[in-house]
$ cat coords_21.cif   # mmCIF, C-alpha atoms and all ligand atoms
data_entry
#
loop_
_atom_site.label_atom_id
_atom_site.label_comp_id
_atom_site.auth_asym_id
_atom_site.auth_seq_id
_atom_site.Cartn_x
_atom_site.Cartn_y
_atom_site.Cartn_z
CA MET A 1 4.57 17.84 0.03
CA ILE A 2 7.75 15.68 -0.09
CA PRO A 3 10.77 17.92 -0.68
CA GLY A 4 13.83 16.61 -2.49
CA PRO A 5 14.44 14.45 -5.54
CA ARG A 6 13.54 11.08 -3.94
CA LEU A 7 11.26 9.48 -1.41
CA PRO A 8 12.76 9.12 2.07
CA THR A 9 13.62 5.61 3.27
CA LEU A 10 11.26 4.42 6.01
CA HIS A 11 12.55 1.64 8.25
CA ALA A 12 10.44 -1.08 9.83
CA ASP A 13 11.70 -4.18 11.67
CA ARG A 14 12.05 -6.63 8.79
CA VAL A 15 11.52 -4.39 5.76
CA ALA A 16 12.50 -0.94 4.55
CA LEU A 17 10.37 1.23 2.29
CA ARG A 18 12.77 2.77 -0.21
CA TRP A 19 13.13 4.57 -3.51
CA LEU A 20 13.03 2.19 -6.49
CA VAL A 21 16.03 2.14 -8.86
CA PRO A 22 16.64 0.59 -12.31
CA SER A 23 18.35 -2.47 -10.77
CA ASP A 24 14.96 -3.31 -9.14
CA VAL A 25 13.25 -3.89 -12.51
CA ALA A 26 13.65 -7.70 -12.44
CA ALA A 27 12.27 -7.81 -8.88
CA LEU A 28 9.32 -5.59 -9.87
CA TYR A 29 8.66 -7.83 -12.84
CA ALA A 30 8.65 -10.92 -10.58
CA VAL A 31 5.93 -9.36 -8.39
CA PHE A 32 3.75 -7.75 -11.05
CA SER A 33 3.86 -10.63 -13.56
CA ASP A 34 2.39 -13.11 -11.04
CA ALA A 35 -1.27 -13.88 -11.76
CA ASP A 36 -1.94 -14.59 -8.05
CA VAL A 37 -0.65 -11.15 -7.04
CA MET A 38 -2.59 -9.38 -9.81
CA ARG A 39 -5.82 -11.39 -9.43
CA TYR A 40 -7.81 -8.50 -7.95
CA GLY A 41 -5.70 -5.65 -9.29
CA SER A 42 -6.71 -2.86 -11.64
CA ARG A 43 -4.48 -4.12 -14.49
CA PRO A 44 -3.52 -7.51 -15.96
CA PRO A 45 -0.19 -9.14 -15.00
CA PHE A 46 2.91 -8.02 -16.92
CA THR A 47 4.02 -10.46 -19.59
CA GLU A 48 7.30 -8.77 -20.63
CA GLU A 49 10.07 -7.23 -18.53
CA HIS A 50 9.96 -3.96 -20.49
CA GLN A 51 6.54 -3.33 -18.90
CA ALA A 52 8.25 -3.23 -15.49
CA ARG A 53 10.77 -0.71 -16.85
CA ALA A 54 7.95 1.50 -18.16
CA TYR A 55 6.17 1.12 -14.80
CA LEU A 56 9.27 2.38 -12.98
CA ALA A 57 9.47 5.37 -15.38
CA ASP A 58 5.81 6.17 -14.56
CA ILE A 59 6.54 5.93 -10.82
CA GLU A 60 9.34 8.50 -11.24
CA ARG A 61 7.22 10.80 -13.41
CA TYR A 62 4.26 10.81 -11.00
CA PHE A 63 6.64 11.43 -8.11
CA GLU A 64 7.85 14.56 -9.88
CA GLN A 65 4.21 15.65 -10.25
CA LYS A 66 3.72 14.85 -6.52
CA THR A 67 0.54 12.87 -7.18
CA LEU A 68 1.85 9.35 -6.49
CA PHE A 69 4.44 8.12 -4.00
CA GLN A 70 5.40 4.47 -4.54
CA TRP A 71 8.02 2.86 -2.35
CA GLY A 72 9.74 -0.47 -2.89
CA VAL A 73 9.28 -2.83 0.06
CA ALA A 74 12.78 -4.29 0.49
CA ARG A 75 13.87 -7.08 2.84
CA ARG A 76 16.27 -5.60 5.34
CA GLU A 77 18.47 -8.72 5.28
CA ASP A 78 19.47 -8.38 1.59
CA ASP A 79 17.67 -5.26 0.22
CA LEU A 80 15.69 -7.39 -2.28
CA VAL A 81 12.46 -5.68 -3.37
CA ILE A 82 9.58 -8.06 -2.58
CA GLY A 83 6.70 -5.66 -3.16
CA THR A 84 5.62 -2.05 -3.21
CA CYS A 85 3.31 0.23 -1.29
CA THR A 86 1.84 3.42 -2.61
CA LEU A 87 0.09 6.65 -1.76
CA PHE A 88 -1.72 7.83 -4.88
CA SER A 89 -4.38 10.37 -5.86
CA VAL A 90 -2.59 12.51 -3.30
CA ASP A 91 -4.86 15.51 -2.71
CA ALA A 92 -2.87 18.21 -0.94
CA SER A 93 -5.85 20.57 -0.49
CA ASN A 94 -8.04 18.01 1.23
CA LEU A 95 -5.11 16.22 2.89
CA ARG A 96 -6.07 12.76 1.69
CA ALA A 97 -4.63 9.95 -0.45
CA GLU A 98 -5.46 6.43 -1.60
CA VAL A 99 -3.29 3.50 -0.60
CA GLY A 100 -2.16 0.56 -2.70
CA TYR A 101 0.14 -2.38 -1.99
CA ALA A 102 1.37 -5.64 -3.49
CA LEU A 103 3.68 -8.31 -2.12
CA GLY A 104 5.34 -11.22 -3.94
CA ARG A 105 3.38 -14.46 -3.48
CA ASN A 106 6.23 -16.23 -1.61
CA HIS A 107 6.16 -13.57 1.10
CA TRP A 108 2.47 -13.67 2.06
CA GLY A 109 1.39 -14.79 5.53
CA LYS A 110 4.39 -13.37 7.43
CA GLY A 111 2.96 -10.01 8.45
CA LEU A 112 5.44 -8.13 6.25
CA MET A 113 2.93 -5.89 4.50
CA LYS A 114 1.26 -5.02 7.79
CA GLU A 115 4.66 -3.95 9.11
CA ALA A 116 5.32 -1.87 5.98
CA LEU A 117 1.91 -0.18 6.09
CA VAL A 118 2.15 0.70 9.79
CA ARG A 119 5.36 2.58 8.98
CA LEU A 120 3.82 4.16 5.88
CA PHE A 121 0.72 5.36 7.74
CA ASP A 122 2.81 6.89 10.53
CA PHE A 123 4.67 8.79 7.83
CA ALA A 124 1.48 9.77 5.97
CA PHE A 125 -0.30 11.10 9.05
CA GLU A 126 2.55 12.45 11.13
CA GLU A 127 5.01 13.71 8.54
CA LEU A 128 2.91 14.44 5.43
CA GLY A 129 0.07 15.70 7.62
CA LEU A 130 -2.66 13.78 5.76
CA ARG A 131 -6.05 13.53 7.50
CA ARG A 132 -7.55 10.60 5.65
CA LEU A 133 -6.46 7.48 3.76
CA GLU A 134 -8.70 5.54 1.40
CA ALA A 135 -8.59 2.05 -0.07
CA ASP A 136 -10.58 0.49 -2.90
CA VAL A 137 -10.57 -3.30 -2.71
CA ASP A 138 -12.29 -6.16 -4.51
CA PRO A 139 -14.69 -7.73 -1.97
CA ARG A 140 -13.33 -11.20 -2.90
CA ASN A 141 -9.79 -10.17 -1.97
CA ALA A 142 -10.02 -11.63 1.55
CA ARG A 143 -6.33 -11.15 2.46
CA SER A 144 -6.43 -7.48 1.55
CA VAL A 145 -9.75 -6.91 3.35
CA ALA A 146 -8.34 -8.62 6.47
CA LEU A 147 -5.18 -6.50 6.30
CA LEU A 148 -7.13 -3.23 6.04
CA GLU A 149 -9.42 -4.16 8.92
CA LYS A 150 -6.44 -5.19 11.09
CA LEU A 151 -5.00 -1.74 10.46
CA GLY A 152 -8.21 -0.06 11.63
CA PHE A 153 -9.79 0.88 8.28
CA ARG A 154 -13.58 1.15 8.33
CA ARG A 155 -15.81 -0.04 5.53
CA GLU A 156 -17.55 3.00 4.03
CA GLY A 157 -19.27 1.88 0.86
CA TYR A 158 -19.88 -0.73 -1.82
CA LEU A 159 -19.49 0.32 -5.46
CA ARG A 160 -21.00 -2.09 -7.95
CA GLU A 161 -19.21 -2.96 -11.21
CA ARG A 162 -16.56 -0.27 -10.67
CA TRP A 163 -13.80 -2.08 -12.60
CA PHE A 164 -13.50 -3.96 -15.89
CA VAL A 165 -10.17 -5.83 -15.91
CA SER A 166 -9.10 -8.59 -18.31
CA GLY A 167 -12.69 -8.97 -19.49
CA GLU A 168 -14.09 -9.29 -15.94
CA VAL A 169 -16.43 -6.86 -14.22
CA GLN A 170 -15.40 -6.28 -10.59
CA ASP A 171 -17.18 -4.65 -7.65
CA ALA A 172 -15.28 -2.50 -5.14
CA VAL A 173 -15.49 -1.97 -1.40
CA PHE A 174 -14.30 1.42 -0.16
CA TYR A 175 -12.45 1.70 3.13
CA GLY A 176 -11.34 4.82 5.01
CA LEU A 177 -8.98 5.54 7.90
CA LEU A 178 -8.79 8.92 9.65
CA ARG A 179 -5.72 10.36 11.30
CA ARG A 180 -7.57 10.79 14.59
CA GLU A 181 -8.54 7.09 14.58
CA TRP A 182 -4.94 6.05 13.85
CA VAL A 183 -3.59 8.26 16.64
CA GLU A 184 -6.23 7.02 19.07
CA ASP A 185 -5.56 3.35 18.20
CA ARG A 186 -1.85 3.88 18.69
CA ARG A 187 -2.38 5.63 22.02
CA SER A 188 -4.63 2.81 23.22
CA SER A 189 -2.21 0.10 22.13
CA GLN A 190 0.71 1.88 23.81
CA ALA A 191 -1.33 2.19 27.02
CA GLY A 192 -2.38 -1.47 26.73
CA VAL A 193 -6.07 -0.47 26.62
CA ALA A 194 -8.47 -2.83 24.83
CA THR A 195 -10.65 -0.62 22.59
CA GLY A 196 -13.06 -3.31 21.49
CA GLY A 197 -12.72 -1.84 17.99
CA PRO A 198 -10.58 -3.05 15.11
CA PRO A 199 -7.01 -3.87 16.15
CA GLY A 200 -4.71 -0.90 15.85
CA PRO A 201 -1.04 -0.74 14.90
CA ARG A 202 0.05 -3.21 17.56
CA VAL A 203 3.07 -4.43 15.67
CA ARG A 204 4.76 -1.11 16.32
CA ARG A 205 7.99 -1.27 18.23
C1 LIG B 301 -2.81 -8.11 0.34
C2 LIG B 301 -1.49 -8.72 0.73
C3 LIG B 301 -0.41 -7.65 0.78
C4 LIG B 301 -1.64 -9.33 2.13
O1 LIG B 301 -0.47 -10.04 2.47
P1 LIG B 301 -0.40 -10.89 3.81
O2 LIG B 301 0.95 -11.43 3.92
O3 LIG B 301 -1.58 -11.82 3.84
O4 LIG B 301 -0.71 -9.77 4.89
P2 LIG B 301 -0.12 -9.49 6.31
O5 LIG B 301 1.15 -8.73 6.19
O6 LIG B 301 -1.20 -8.82 7.11
O7 LIG B 301 0.14 -10.94 6.93
C5 LIG B 301 -0.95 -11.60 7.50
C6 LIG B 301 -0.60 -12.90 8.16
O8 LIG B 301 0.78 -13.13 8.36
C7 LIG B 301 0.91 -13.98 9.52
N1 LIG B 301 2.10 -13.60 10.28
C8 LIG B 301 3.19 -14.36 10.38
N2 LIG B 301 4.14 -13.75 11.08
C9 LIG B 301 3.65 -12.53 11.47
C10 LIG B 301 4.15 -11.44 12.23
N3 LIG B 301 5.40 -11.44 12.74
N4 LIG B 301 3.35 -10.37 12.43
C11 LIG B 301 2.10 -10.34 11.92
N5 LIG B 301 1.57 -11.36 11.18
C12 LIG B 301 2.33 -12.44 10.96
C13 LIG B 301 -0.32 -13.89 10.32
O9 LIG B 301 -0.92 -15.15 10.32
C14 LIG B 301 -1.17 -12.91 9.55
O10 LIG B 301 -2.51 -13.32 9.40
P3 LIG B 301 -3.58 -13.09 10.56
O11 LIG B 301 -3.31 -11.74 11.17
O12 LIG B 301 -4.87 -13.14 9.84
O13 LIG B 301 -3.35 -14.21 11.51
C15 LIG B 301 -1.05 -9.83 -0.26
O14 LIG B 301 -2.00 -10.85 -0.22
C16 LIG B 301 -0.91 -9.32 -1.69
O15 LIG B 301 0.09 -8.73 -2.07
N6 LIG B 301 -1.94 -9.58 -2.53
C17 LIG B 301 -1.89 -9.22 -3.92
C18 LIG B 301 -1.98 -7.73 -4.17
C19 LIG B 301 -3.25 -7.14 -3.64
O16 LIG B 301 -4.30 -7.78 -3.65
N7 LIG B 301 -3.15 -5.89 -3.20
C20 LIG B 301 -4.27 -5.18 -2.61
C21 LIG B 301 -5.11 -4.56 -3.64
S1 LIG B 301 -6.45 -3.70 -2.80
#
$ encode --input "coords_21.cif" --output "structure tokens"
Amino acid sequence: MIPGPRLPTLHADRVALRWLVPSDVAALYAVFSDADVMRYGSRPPFTEEHQARAYLADIERYFEQKTLFQWGVARREDDLVIGTCTLFSVDASNLRAEVGYALGRNHWGKGLMKEALVRLFDFAFEELGLRRLEADVDPRNARSVALLEKLGFRREGYLRERWFVSGEVQDAVFYGLLRREWVEDRRSSQAGVATGGPPGPRVRR
């Protein structure tokens, strides 16, 4: 699905989505060891830097298997990795994947992840040829729910007690976004047409 030994770099205005390298381990640790970032995640926060090194090794291994594509989200001004975004459970026969994302706490509220995901979804639909993206989110994760809805995801289902993380049972809300909806939203926003539906990728250049 993605030829070559690495993920391609995808440029947005303020961030670039790029291949993660060993010198990013400390930055990954800073993001994934923060309890606020991991509050509604599917694993507890890292407590030791070697966990971030093992995480990076997993990212590389799954890339080789072509089942998970995880980009670092790097600030364009200094190339510092401030988060990641991911396509996982990539299903090449059914042309679908799940999306995941995490941003360092200090960088919330600036629209950076929205910018990164708009670029990622363009790539997923236009270049990888996927038809459908899915997201599984804790219903209490208001920032993530708002982000998905701003990007045009539709709520498709509620799964009770789907996760058990750090001794806590968590429900999940499932969201889906179809390529035809993404293309239509983009066409409408470029034509300046108000759709009345969820806002589309209007941060696009
Ligand atoms: C989910 C997460 C990525 C959302 O981050 P975020 O910074 O709130 O999301 P956005 O990129 O959409 O930024 C949103 C806000 O930035 C503000 N903003 C500031 N400058 C902006 C700009 N130039 N463009 C757009 N928004 C901007 C806006 O107020 C916007 O909020 P609004 O649209 O409701 O007014 C972040 O909270 C996170 O990493 N959480 C932990 C991990 C997690 O839960 N992952 C998801 C698991 S399902």
$ closest_residue --input "coords_21.cif" --among "A:Ala191, A:Leu120, A:Ala92, A:Leu112" --to "ligand LIG 301 (chain B)" --atoms "all atoms listed in the file"
A:Leu112
$ atom_distance --input "coords_21.cif" --atom1 "atom CA of A:Leu159" --atom2 "atom CA of A:Arg131"
22.9 Å
$ closest_residue --input "coords_21.cif" --among "A:Ala26, A:Leu103, A:Leu147, A:Leu7" --to "A:Lys66" --atoms "only C-alpha atoms"
A:Leu7
$ closest_atom_pairs --input "coords_21.cif" --of "chain A" --to "ligand LIG 301 (chain B)" --cutoff "9 Å" --atoms "only C-alpha atoms and all ligand atoms" --output "CSV"
residue,atom,partner,partner_atom,distance
A:Val31,CA,B:LIG301,O15,8.6
A:Phe32,CA,B:LIG301,C18,9.0
A:Asp36,CA,B:LIG301,C17,6.8
A:Val37,CA,B:LIG301,C17,3.9
A:Met38,CA,B:LIG301,C18,5.9
A:Arg39,CA,B:LIG301,O16,7.0
A:Tyr40,CA,B:LIG301,O16,5.6
A:Gly41,CA,B:LIG301,C21,5.8
A:Ser42,CA,B:LIG301,C21,8.3
A:Gly83,CA,B:LIG301,O15,7.4
A:Thr84,CA,B:LIG301,O15,8.7
A:Cys85,CA,B:LIG301,C3,9.0
A:Val99,CA,B:LIG301,S1,8.2
A:Gly100,CA,B:LIG301,C21,6.0
A:Tyr101,CA,B:LIG301,N7,5.0
A:Ala102,CA,B:LIG301,O15,3.6
A:Leu103,CA,B:LIG301,O15,3.6
A:Gly104,CA,B:LIG301,O15,6.1
A:Arg105,CA,B:LIG301,O15,6.8
A:His107,CA,B:LIG301,O2,6.3
A:Trp108,CA,B:LIG301,O2,3.3
A:Gly109,CA,B:LIG301,O8,3.3
A:Lys110,CA,B:LIG301,C8,3.3
A:Gly111,CA,B:LIG301,O5,3.2
A:Leu112,CA,B:LIG301,O5,4.3
A:Met113,CA,B:LIG301,O5,3.8
A:Lys114,CA,B:LIG301,O5,4.0
A:Glu115,CA,B:LIG301,O5,6.6
A:Ala116,CA,B:LIG301,O5,8.0
A:Leu117,CA,B:LIG301,O5,8.6
A:Ala135,CA,B:LIG301,S1,6.7
A:Asp136,CA,B:LIG301,S1,5.9
A:Val137,CA,B:LIG301,S1,4.1
A:Asp138,CA,B:LIG301,S1,6.6
A:Asn141,CA,B:LIG301,O16,6.2
A:Ala142,CA,B:LIG301,C1,8.1
A:Arg143,CA,B:LIG301,O3,5.0
A:Ser144,CA,B:LIG301,C1,3.9
A:Val145,CA,B:LIG301,C1,7.7
A:Ala146,CA,B:LIG301,O12,6.6
A:Leu147,CA,B:LIG301,O6,4.7
A:Leu148,CA,B:LIG301,O6,8.2
A:Lys150,CA,B:LIG301,O11,7.3
A:Leu151,CA,B:LIG301,O6,8.7
A:Val203,CA,B:LIG301,N4,6.8
$ residues_around --input "coords_21.cif" --residues "stretch 44-51 of chain A" --least-positions-apart "5" --cutoff "12 Å" --atoms "all atoms listed in the file" --output "PDB file with C-alpha atoms, keeping the file's coordinate frame"
ATOM      1  CA  PRO A  22      16.640   0.590 -12.310  1.00  0.00           C
ATOM      2  CA  ASP A  24      14.960  -3.310  -9.140  1.00  0.00           C
ATOM      3  CA  VAL A  25      13.250  -3.890 -12.510  1.00  0.00           C
ATOM      4  CA  ALA A  26      13.650  -7.700 -12.440  1.00  0.00           C
ATOM      5  CA  ALA A  27      12.270  -7.810  -8.880  1.00  0.00           C
ATOM      6  CA  LEU A  28       9.320  -5.590  -9.870  1.00  0.00           C
ATOM      7  CA  TYR A  29       8.660  -7.830 -12.840  1.00  0.00           C
ATOM      8  CA  ALA A  30       8.650 -10.920 -10.580  1.00  0.00           C
ATOM      9  CA  VAL A  31       5.930  -9.360  -8.390  1.00  0.00           C
ATOM     10  CA  PHE A  32       3.750  -7.750 -11.050  1.00  0.00           C
ATOM     11  CA  SER A  33       3.860 -10.630 -13.560  1.00  0.00           C
ATOM     12  CA  ASP A  34       2.390 -13.110 -11.040  1.00  0.00           C
ATOM     13  CA  ALA A  35      -1.270 -13.880 -11.760  1.00  0.00           C
ATOM     14  CA  ASP A  36      -1.940 -14.590  -8.050  1.00  0.00           C
ATOM     15  CA  VAL A  37      -0.650 -11.150  -7.040  1.00  0.00           C
ATOM     16  CA  MET A  38      -2.590  -9.380  -9.810  1.00  0.00           C
ATOM     17  CA  ARG A  39      -5.820 -11.390  -9.430  1.00  0.00           C
ATOM     18  CA  LEU A  56       9.270   2.380 -12.980  1.00  0.00           C
ATOM     19  CA  ALA A  57       9.470   5.370 -15.380  1.00  0.00           C
ATOM     20  CA  ASP A  58       5.810   6.170 -14.560  1.00  0.00           C
ATOM     21  CA  PHE A 164     -13.500  -3.960 -15.890  1.00  0.00           C
ATOM     22  CA  VAL A 165     -10.170  -5.830 -15.910  1.00  0.00           C
ATOM     23  CA  SER A 166      -9.100  -8.590 -18.310  1.00  0.00           C
ATOM     24  CA  GLY A 167     -12.690  -8.970 -19.490  1.00  0.00           C
ATOM     25  CA  GLU A 168     -14.090  -9.290 -15.940  1.00  0.00           C
TER      26      GLU A 168
END
$ atom_distance --input "coords_21.cif" --atom1 "atom CA of A:Gly176" --atom2 "atom CA of A:Leu17"
22.2 Å
$ atom_distance --input "coords_21.cif" --atom1 "atom CA of A:Ala16" --atom2 "atom CA of A:Arg154"
26.4 Å
$ residues_around --input "coords_21.cif" --residues "A:Glu64" --least-positions-apart "5" --cutoff "10 Å" --atoms "only C-alpha atoms" --output "PyMOL selection string"
chain A and resi 2+4-6+58-59+69
$ write_last_selection --input "coords_21.cif" --atoms "C-alpha atoms" --output "PDB file, in the coordinates of the input"
ATOM      1  CA  ILE A   2       7.750  15.680  -0.090  1.00  0.00           C
ATOM      2  CA  GLY A   4      13.830  16.610  -2.490  1.00  0.00           C
ATOM      3  CA  PRO A   5      14.440  14.450  -5.540  1.00  0.00           C
ATOM      4  CA  ARG A   6      13.540  11.080  -3.940  1.00  0.00           C
ATOM      5  CA  ASP A  58       5.810   6.170 -14.560  1.00  0.00           C
ATOM      6  CA  ILE A  59       6.540   5.930 -10.820  1.00  0.00           C
ATOM      7  CA  PHE A  69       4.440   8.120  -4.000  1.00  0.00           C
TER       8      PHE A  69
END
$ residues_around --input "coords_21.cif" --residues "A:Arg162" --least-positions-apart "2" --cutoff "7 Å" --atoms "all atoms listed in the file" --output "JSON, numbers by chain"
{"A": [159, 160, 170, 171, 172]}
$ write_last_selection --input "coords_21.cif" --atoms "C-alpha atoms" --output "PDB file, keeping the file's coordinate frame"
ATOM      1  CA  LEU A 159     -19.490   0.320  -5.460  1.00  0.00           C
ATOM      2  CA  ARG A 160     -21.000  -2.090  -7.950  1.00  0.00           C
ATOM      3  CA  GLN A 170     -15.400  -6.280 -10.590  1.00  0.00           C
ATOM      4  CA  ASP A 171     -17.180  -4.650  -7.650  1.00  0.00           C
ATOM      5  CA  ALA A 172     -15.280  -2.500  -5.140  1.00  0.00           C
TER       6      ALA A 172
END
$ residues_around --input "coords_21.cif" --residues "A:Ala97" --least-positions-apart "4" --cutoff "9 Å" --atoms "all atoms listed in the file" --output "PyMOL selection string"
chain A and resi 67-68+87-92+124+130-135
$ build_atoms --input "coords_21.cif" --residues "stretch 30-46 of chain A" --atoms "N, CA, C and O atoms" --output "short mmCIF file (atom, residue, chain, number, x, y, z; two decimals), keeping the file's coordinate frame"
data_model
loop_
_atom_site.label_atom_id
_atom_site.label_comp_id
_atom_site.auth_asym_id
_atom_site.auth_seq_id
_atom_site.Cartn_x
_atom_site.Cartn_y
_atom_site.Cartn_z
N ALA A 30 9.02 -9.67 -11.27
CA ALA A 30 8.65 -10.92 -10.58
C ALA A 30 7.34 -10.73 -9.81
O ALA A 30 6.47 -11.62 -9.82
N VAL A 31 7.17 -9.59 -9.17
CA VAL A 31 5.93 -9.36 -8.39
C VAL A 31 4.74 -9.14 -9.31
O VAL A 31 3.70 -9.79 -9.19
N PHE A 32 4.90 -8.21 -10.27
CA PHE A 32 3.75 -7.75 -11.05
C PHE A 32 3.44 -8.63 -12.27
O PHE A 32 2.50 -8.34 -13.00
N SER A 33 4.20 -9.70 -12.47
CA SER A 33 3.86 -10.63 -13.56
C SER A 33 3.15 -11.87 -13.00
O SER A 33 2.76 -12.76 -13.76
N ASP A 34 2.98 -11.93 -11.68
CA ASP A 34 2.39 -13.11 -11.04
C ASP A 34 0.86 -12.98 -11.03
O ASP A 34 0.31 -12.03 -10.46
N ALA A 35 0.19 -13.94 -11.65
CA ALA A 35 -1.27 -13.88 -11.76
C ALA A 35 -1.95 -13.90 -10.39
O ALA A 35 -3.00 -13.28 -10.21
N ASP A 36 -1.35 -14.57 -9.39
CA ASP A 36 -1.94 -14.59 -8.05
C ASP A 36 -1.90 -13.19 -7.42
O ASP A 36 -2.86 -12.77 -6.77
N VAL A 37 -0.79 -12.50 -7.62
CA VAL A 37 -0.65 -11.15 -7.04
C VAL A 37 -1.63 -10.19 -7.72
O VAL A 37 -2.23 -9.33 -7.08
N MET A 38 -1.80 -10.34 -9.03
CA MET A 38 -2.59 -9.38 -9.81
C MET A 38 -4.07 -9.75 -9.91
O MET A 38 -4.84 -9.05 -10.56
N ARG A 39 -4.46 -10.85 -9.27
CA ARG A 39 -5.82 -11.39 -9.43
C ARG A 39 -6.91 -10.33 -9.26
O ARG A 39 -7.88 -10.28 -10.01
N TYR A 40 -6.77 -9.50 -8.22
CA TYR A 40 -7.81 -8.50 -7.95
C TYR A 40 -7.30 -7.08 -8.20
O TYR A 40 -7.84 -6.12 -7.66
N GLY A 41 -6.28 -6.97 -9.02
CA GLY A 41 -5.70 -5.65 -9.29
C GLY A 41 -6.46 -4.91 -10.38
O GLY A 41 -7.42 -5.44 -10.98
N SER A 42 -6.01 -3.69 -10.66
CA SER A 42 -6.71 -2.86 -11.64
C SER A 42 -6.07 -2.97 -13.02
O SER A 42 -6.41 -2.23 -13.92
N ARG A 43 -5.10 -3.90 -13.17
CA ARG A 43 -4.48 -4.12 -14.49
C ARG A 43 -4.06 -5.59 -14.59
O ARG A 43 -3.81 -6.23 -13.56
N PRO A 44 -3.95 -6.11 -15.82
CA PRO A 44 -3.52 -7.51 -15.96
C PRO A 44 -2.04 -7.68 -15.60
O PRO A 44 -1.30 -6.69 -15.57
N PRO A 45 -1.60 -8.92 -15.31
CA PRO A 45 -0.19 -9.14 -15.00
C PRO A 45 0.71 -8.74 -16.17
O PRO A 45 0.32 -8.86 -17.33
N PHE A 46 1.93 -8.28 -15.86
CA PHE A 46 2.91 -8.02 -16.92
C PHE A 46 3.28 -9.35 -17.58
O PHE A 46 3.34 -10.39 -16.92
#
